[in-house]
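K.L.:
Below is one structure. I have some questions about it.
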Amino acid sequence: LKIVSNQVVVEAADGGSWWNAATFGADLELYITHVAEDGTGQRTLARLVSAGTTGCDGYEVSWFTGNGLYVFRIDNTVETQLGASWGDLAMTAGDLTGIEIIGDGISMYTNFGGAGWVNRGTRTDSTYPDAGNVGLQLDTTTGILDGFSGGTLGVVGGNPSQLPLRGAGK
């Protein structure tokens with residue numbers, strides 16, 4: 001991935017990147033604005049262990065055009081779907097998706113048209129309970145993402161209620 005005009009795009013046909021400057025706590029949330037769909041898949045990655053290697057582990061929340069939202073566990077770079085998808089939710093430019101992981105609960109959120117965050121459901125998995133890296137992936141060069149943000153929940157001196165998902169009155 002690369003930054004062009006302060007937005008995330010793919011440099012090649014398929015790409016992903018992770019934040020390697022620091023890890024985030026085990027309980028965290030991440031969110032992203034979808035500027036342009038890529039025709040296939042856009043992914044948010046969390047609790048990554050050995051990011052950037054062929055043995056990467058962690059969790060992934062994905063939106064696949066025409067197929068919906070999914071949660072996957074990543075074991076040695078192999079994806080295992082956790083539960084059913086949430087169907088095709090017809091995202092458009094400006095829509096947001098978010099992931100929140102607390103303990104073994106992995107929740108998927110959407111915010112369509114600025115109408116507010118909606119919890120689409122939670123999957124449970126305790127395979128990777130610890131802090132890790134976070135990242136993004138786009139499957140083609142037509143996808144554009146913006147506003148990738150989030151943080152560790154419950155950080156001393158932090159204010160989780162100011163993060164979008166925690167401030168949604170859940």
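Naming works like this for the structure tokens: A, B, ... for the chains as they're shown, residue 1 at the start of each chain, ligands 1 onward in shown order.
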Would you kindly return, as a PyMOL selection string, each protein, DNA or RNA residue with an atom no farther than 6 Å from any atom of region 135-149 of chain A, considering only C-alpha atoms and excluding same-chain residues fewer than 2 positions away?
P.N.:
chain A and resi 7-10+13-19+30-38+41-45
K.L.:
Any chance you could list, as a PyMOL selection string, the residues in chain A that come up strand (DSSP E or B) when DSSP is run on the backbone?
P.N.:
chain A and resi 2-4+7-9+15-18+24+28-36+41-49+57-64+68-75+78-81+95-102+105-111+118-124+132-138+144-152
K.L.:
Interatomic distance between CA of Ile99 (chain A) and CA of Asn20 (chain A)?
P.N.:
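CA of Ile99 (chain A) sits 19.0 Å away from CA of Asn20 (chain A).
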K.L.:
Using only C-alpha atoms, which residues sit within 8 Å of Pro129 (chain A) once same-chain residues fewer than 2 positions away are excluded, as number ranges by chain?
P.N.:
A: 26, 47, 103-104, 126-127, 131
K.L.:
Could you list, as a PyMOL selection string, every residue within 9 Å of Asn111 (chain A), counting only C-alpha atoms and ignoring same-chain residues fewer than 2 positions away?
P.N.:
chain A and resi 95-98+109+113-118
K.L.:
Using N, CA and C atoms, can you export the residues from the last selection as a CSV table (one decimal), in the first residue's frame?
P.N.:
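What follows is the written file again.csv:
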```
chain,number,residue,atom,x,y,z
A,95,ASP,N,-18.8,5.7,3.3
A,95,ASP,CA,-19.2,4.8,4.4
A,95,ASP,C,-18.0,4.3,5.2
A,96,LEU,N,-18.2,4.0,6.4
A,96,LEU,CA,-17.2,3.5,7.3
A,96,LEU,C,-17.4,2.1,7.8
A,97,THR,N,-16.3,1.4,8.1
A,97,THR,CA,-16.4,0.1,8.8
A,97,THR,C,-15.5,0.2,9.9
A,98,GLY,N,-15.8,-0.6,11.0
A,98,GLY,CA,-15.0,-0.6,12.1
A,98,GLY,C,-15.0,-2.0,12.7
A,109,TYR,N,-18.7,-3.3,12.9
A,109,TYR,CA,-19.5,-2.1,12.8
A,109,TYR,C,-19.5,-1.4,11.5
A,113,GLY,N,-23.6,6.5,5.4
A,113,GLY,CA,-24.2,7.8,5.2
A,113,GLY,C,-24.2,8.7,6.4
A,114,GLY,N,-23.3,8.5,7.3
A,114,GLY,CA,-23.2,9.3,8.5
A,114,GLY,C,-24.3,9.1,9.5
A,115,ALA,N,-25.1,8.0,9.4
A,115,ALA,CA,-26.2,7.7,10.2
A,115,ALA,C,-25.9,7.2,11.6
A,116,GLY,N,-24.6,7.0,11.8
A,116,GLY,CA,-24.2,6.5,13.2
A,116,GLY,C,-23.7,5.0,13.1
A,117,TRP,N,-23.0,4.6,14.1
A,117,TRP,CA,-22.4,3.3,14.1
A,117,TRP,C,-23.5,2.2,14.4
A,118,VAL,N,-23.5,1.1,13.7
A,118,VAL,CA,-24.4,0.0,13.9
A,118,VAL,C,-23.6,-1.2,14.1
```
K.L.:
Go through A:Met108, A:Ile102, A:Ala12, A:Val78 and flag the residue nearest Gly25 (chain A), using only C-alpha atoms for the distances.
P.N.:
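Checking each of A:Met108, A:Ile102, A:Ala12, A:Val78 against Gly25 (chain A), counting only C-alpha atoms, the winner is A:Ile102.
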K.L.:
Measuring between only C-alpha atoms, which one of A:Phe112, A:Phe24, A:Tyr59, A:Tyr128 shows the shortest distance to Thr80 (chain A)?
P.N.:
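When distances to Thr80 (chain A) are compared using only C-alpha atoms, the smallest one comes from A:Tyr59.
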